[in-house]
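What follows is a single structure, written as structure tokens, with notes after it.
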Amino acid sequence: MIGYIKGKILNLTPETALIETAAGIGFELLISNSAFSLLSNAKEGALFTYLQSREDGVTLFGFASPEEKEMFIKLISVSGVGAKMGITILSAMNVAELAAAIATGDVKRLTSVKGLGKKTAEHLILDLREKVSLNSSIAEQSPAAAEVVSSRKADEDAIVALMTLGFSRSESEKAVSRAKQNGAKEIEDIIRLALQGM
């Protein structure tokens, strides 16, 4: 398994990179948007790689970080998500944003990716919600993303709490939104202000 490639960049497009190693072998990789950004304006570069072998050929994929490669492997483990769709998803959002979308069940954000339908997005959330880490690695990459995840979880918990009191989801979502506009941040404050506005 080829797990890492470092060398001279012979050709680079938003979708592919041709890298010549010290042994004089040129490897062509399908790359993510993050990998493209990493290699842009550089003469040499390095990528973490995933080798896919199928009956119709062998394809090498390149990623900017081990975390991005790991997320790609998780994505293609989901039924209906092939390798090219995995790269497309990672090119549409970074690892932290994707983890946040999966953890919070944000179907709308996921289906904004070209070619990713609602049913596949729901499969992603269902299959990967427990596997996607939102703690240290994501927080290190993007503290802002981790904060967004925490905020969305509080919102969802408040909505569920209101629904258990007999309000519809639509009513609960609107009430929570109003409560946050009025400055509520902690879940207890969100619920209290939401109930006052019901």
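Starting from 1 in every chain, residues are counted up; chains themselves are A, B, ... following the order of the structure tokens, and ligands are numbered from 1 as listed.
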Self-check item: Within 12 Å of region 76-82 of chain A using only C-alpha atoms, minus same-chain residues under 3 positions, as JSON, numbers by chain
Solution: {"A": [50, 52, 54, 69, 70, 71, 72, 73, 85, 86, 87, 88, 89, 90, 115, 116, 117, 118, 119, 120, 121, 122, 123, 124, 125, 126, 127, 128, 129, 131]}
Self-check item: Residue set, chain A restricted to strand (DSSP E or B), as number ranges by chain
Solution: A: 4-12, 16-20, 26-31, 44-54, 57-63
Quiz prompt | Residues near Phe63 (chain A), cut-off 7 Å, only C-alpha atoms, skip fewer than 3 positions along chain, as JSON, numbers by chain | solution = {"A": [31, 32, 35, 47, 48, 49, 68, 69]}
Using N, CA and C atoms, can you export the residues from the last selection as a JSON list (two decimals), in the first residue's frame?
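Output contents, as saved in again17.json:
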```json
[["chain", "number", "residue", "atom", "x", "y", "z"],
["A", 31, "ILE", "N", -6.96, 14.32, -6.45],
["A", 31, "ILE", "CA", -6.74, 15.04, -5.20],
["A", 31, "ILE", "C", -7.97, 15.83, -4.74],
["A", 32, "SER", "N", -7.97, 16.12, -3.45],
["A", 32, "SER", "CA", -9.03, 16.95, -2.85],
["A", 32, "SER", "C", -8.67, 18.42, -3.05],
["A", 35, "ALA", "N", -5.79, 19.41, -0.83],
["A", 35, "ALA", "CA", -4.50, 18.97, -1.37],
["A", 35, "ALA", "C", -4.04, 19.92, -2.48],
["A", 47, "LEU", "N", 1.93, 14.35, -0.17],
["A", 47, "LEU", "CA", 0.53, 14.04, 0.09],
["A", 47, "LEU", "C", 0.40, 12.68, 0.76],
["A", 48, "PHE", "N", -0.61, 12.55, 1.60],
["A", 48, "PHE", "CA", -0.99, 11.26, 2.16],
["A", 48, "PHE", "C", -1.90, 10.60, 1.13],
["A", 49, "THR", "N", -1.74, 9.30, 0.92],
["A", 49, "THR", "CA", -2.42, 8.68, -0.22],
["A", 49, "THR", "C", -3.25, 7.46, 0.17],
["A", 68, "GLU", "N", -7.68, 14.01, 6.83],
["A", 68, "GLU", "CA", -8.49, 14.04, 5.61],
["A", 68, "GLU", "C", -8.54, 12.66, 4.97],
["A", 69, "LYS", "N", -7.42, 11.97, 4.95],
["A", 69, "LYS", "CA", -7.38, 10.60, 4.42],
["A", 69, "LYS", "C", -8.30, 9.68, 5.24]]
```
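Taking CA of Arg192 (chain A) and CA of Ala99 (chain A) as the two end points, the separation is 29.5 Å.
Atom to atom, CA of Ala64 (chain A) and CA of Lys114 (chain A) stand 21.3 Å apart.
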Quiz item: Which residues in region 74-197 of chain A does DSSP call alpha helix (DSSP H)? List them as a ChimeraX atom specification.
Solution: /A:74-76,83-92,95-103,107-110,118-128,136-141,143-164,169-181,187-196
Contacts of Asn182 (chain A) at 10 Å or less, counting only C-alpha atoms, minus same-chain residues fewer than 5 places along, as a PDB file with N, CA and C atoms, in the first residue's frame?
```pdb
ATOM      1  N   VAL A 176     -36.653  28.356  19.641  1.00  0.00           N
ATOM      2  CA  VAL A 176     -35.221  28.282  19.960  1.00  0.00           C
ATOM      3  C   VAL A 176     -34.462  29.376  19.207  1.00  0.00           C
ATOM      4  N   SER A 177     -34.830  29.572  17.947  1.00  0.00           N
ATOM      5  CA  SER A 177     -34.186  30.614  17.148  1.00  0.00           C
ATOM      6  C   SER A 177     -34.400  31.992  17.768  1.00  0.00           C
ATOM      7  N   ILE A 190     -31.781  28.834  26.786  1.00  0.00           N
ATOM      8  CA  ILE A 190     -32.490  28.707  25.507  1.00  0.00           C
ATOM      9  C   ILE A 190     -33.902  28.182  25.740  1.00  0.00           C
ATOM     10  N   LEU A 193     -36.146  30.874  27.726  1.00  0.00           N
ATOM     11  CA  LEU A 193     -36.597  31.973  26.864  1.00  0.00           C
ATOM     12  C   LEU A 193     -37.544  31.480  25.766  1.00  0.00           C
ATOM     13  N   ALA A 194     -37.279  30.266  25.279  1.00  0.00           N
ATOM     14  CA  ALA A 194     -38.138  29.687  24.245  1.00  0.00           C
ATOM     15  C   ALA A 194     -39.555  29.480  24.783  1.00  0.00           C
TER      16      ALA A 194
END
```
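Here the question is which of A:Ser65, A:Asn11, A:Thr164, A:Thr111 gets nearest to Val95 (chain A) using only C-alpha atoms, and that residue is A:Ser65.
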Quiz prompt | Contact residues around Ala22 (chain A) with only C-alpha atoms at 9 Å, ignoring same-chain residues under 3 positions, as a PyMOL selection string | solution = chain A and resi 6-8+25
